[in-house]
Amino acid sequence: MASREIRGALRRLSRLLTWILALAGLLLVAGAVLGWRTMPVRSGEHVVAGLRDLVRIHYDGDGIPHIEAVHDTDALFALGWVHAQDRLLQMEGLRRTCAGQLSELAGSESVDLDHLMRLIEVERRARELYDQTA
């Protein structure tokens, strides 16, 4: 009986890993197709609410951002802004995956993964952990 349970658990784990790999491949394809539309803005001026003073962000020849700010909080805000700009598609995919809403973008292939994520309540647990640390 235990052997049958182990095989069932291994089968479920194998399916989960298959879905995760399929999801990674799907996100890579989606990133390539939509990438040109989500390219970060690397020049110009932006007015952003929430800063105490002027912040300058410039990118070197390797595309690495350099942030100049008077206040540490402004520098951290700018760092988050740069990360969000560079990783928007990735963050949205991960958010939808954890919320069990990936099928809304990826289609029926990810319904089982959505079901699993809703079953184990990843989004709810993440919110609880966030609320505990806030």
# chains A, B, ... in the order shown; residues from 1 in each chain; ligands from 1
$ select_by_dssp --residues "range 19-68 of chain A" --states "helix (DSSP H, G or I)" --output "NGL selection string"
:A and (19-37)
$ closest_residue --among "A:Ala32, A:Ala9, A:Leu76, A:Leu116" --to "Arg52 in chain A" --atoms "only C-alpha atoms"
A:Leu76
$ decode --residues "range 69-80 of chain A" --atoms "all heavy atoms" --output "CSV table (one decimal), in the first residue's frame"
chain,number,residue,atom,x,y,z
A,69,ALA,N,20.9,59.8,-5.6
A,69,ALA,CA,19.8,60.4,-4.8
A,69,ALA,C,20.4,61.1,-3.5
A,69,ALA,O,21.4,60.6,-3.0
A,69,ALA,CB,18.8,59.4,-4.5
A,70,VAL,N,19.8,62.1,-3.1
A,70,VAL,CA,20.1,62.8,-1.8
A,70,VAL,C,19.7,61.9,-0.6
A,70,VAL,O,20.5,61.7,0.3
A,70,VAL,CB,19.5,64.2,-1.7
A,70,VAL,CG1,19.8,64.8,-0.4
A,70,VAL,CG2,20.0,65.0,-2.9
A,71,HIS,N,18.6,61.3,-0.7
A,71,HIS,CA,18.0,60.6,0.5
A,71,HIS,C,18.0,59.1,0.1
A,71,HIS,O,17.7,58.7,-1.0
A,71,HIS,CB,16.6,61.0,0.7
A,71,HIS,CG,16.4,62.5,1.0
A,71,HIS,ND1,16.8,63.1,2.1
A,71,HIS,CD2,16.0,63.5,0.1
A,71,HIS,CE1,16.6,64.4,2.0
A,71,HIS,NE2,16.1,64.6,0.8
A,72,ASP,N,18.3,58.2,1.1
A,72,ASP,CA,18.3,56.8,1.0
A,72,ASP,C,17.0,56.3,0.6
A,72,ASP,O,16.9,55.4,-0.3
A,72,ASP,CB,18.8,56.1,2.3
A,72,ASP,CG,20.2,56.3,2.6
A,72,ASP,OD1,21.0,56.7,1.7
A,72,ASP,OD2,20.7,56.0,3.7
A,73,THR,N,15.9,56.8,1.1
A,73,THR,CA,14.6,56.4,0.8
A,73,THR,C,14.3,56.6,-0.7
A,73,THR,O,13.6,55.8,-1.4
A,73,THR,CB,13.5,57.0,1.7
A,73,THR,OG1,13.6,58.5,1.6
A,73,THR,CG2,13.6,56.6,3.1
A,74,ASP,N,14.7,57.8,-1.2
A,74,ASP,CA,14.6,58.1,-2.6
A,74,ASP,C,15.3,57.1,-3.5
A,74,ASP,O,14.9,56.6,-4.6
A,74,ASP,CB,15.0,59.5,-3.0
A,74,ASP,CG,14.0,60.5,-2.5
A,74,ASP,OD1,12.9,60.1,-2.0
A,74,ASP,OD2,14.3,61.7,-2.5
A,75,ALA,N,16.6,56.8,-3.1
A,75,ALA,CA,17.4,55.8,-3.8
A,75,ALA,C,16.7,54.4,-3.9
A,75,ALA,O,16.7,53.8,-4.9
A,75,ALA,CB,18.8,55.7,-3.2
A,76,LEU,N,16.2,54.0,-2.7
A,76,LEU,CA,15.5,52.7,-2.7
A,76,LEU,C,14.2,52.7,-3.5
A,76,LEU,O,13.9,51.7,-4.2
A,76,LEU,CB,15.2,52.3,-1.2
A,76,LEU,CG,16.4,52.0,-0.4
A,76,LEU,CD1,16.0,51.9,1.1
A,76,LEU,CD2,17.1,50.8,-0.9
A,77,PHE,N,13.5,53.8,-3.5
A,77,PHE,CA,12.3,54.0,-4.4
A,77,PHE,C,12.7,53.8,-5.8
A,77,PHE,O,12.1,53.1,-6.6
A,77,PHE,CB,11.7,55.3,-4.1
A,77,PHE,CG,10.4,55.5,-4.8
A,77,PHE,CD1,9.2,55.3,-4.2
A,77,PHE,CD2,10.4,56.0,-6.1
A,77,PHE,CE1,8.0,55.5,-4.9
A,77,PHE,CE2,9.2,56.2,-6.8
A,77,PHE,CZ,8.0,55.9,-6.2
A,78,ALA,N,13.8,54.5,-6.2
A,78,ALA,CA,14.3,54.5,-7.6
A,78,ALA,C,14.7,53.1,-8.0
A,78,ALA,O,14.5,52.6,-9.1
A,78,ALA,CB,15.4,55.5,-7.8
A,79,LEU,N,15.4,52.4,-7.0
A,79,LEU,CA,15.8,51.0,-7.3
A,79,LEU,C,14.6,50.1,-7.6
A,79,LEU,O,14.6,49.3,-8.5
A,79,LEU,CB,16.6,50.5,-6.1
A,79,LEU,CG,17.1,49.0,-6.3
A,79,LEU,CD1,18.1,48.9,-7.4
A,79,LEU,CD2,17.8,48.6,-5.0
A,80,GLY,N,13.5,50.3,-6.8
A,80,GLY,CA,12.3,49.5,-7.0
A,80,GLY,C,11.7,49.9,-8.4
A,80,GLY,O,11.2,49.0,-9.1
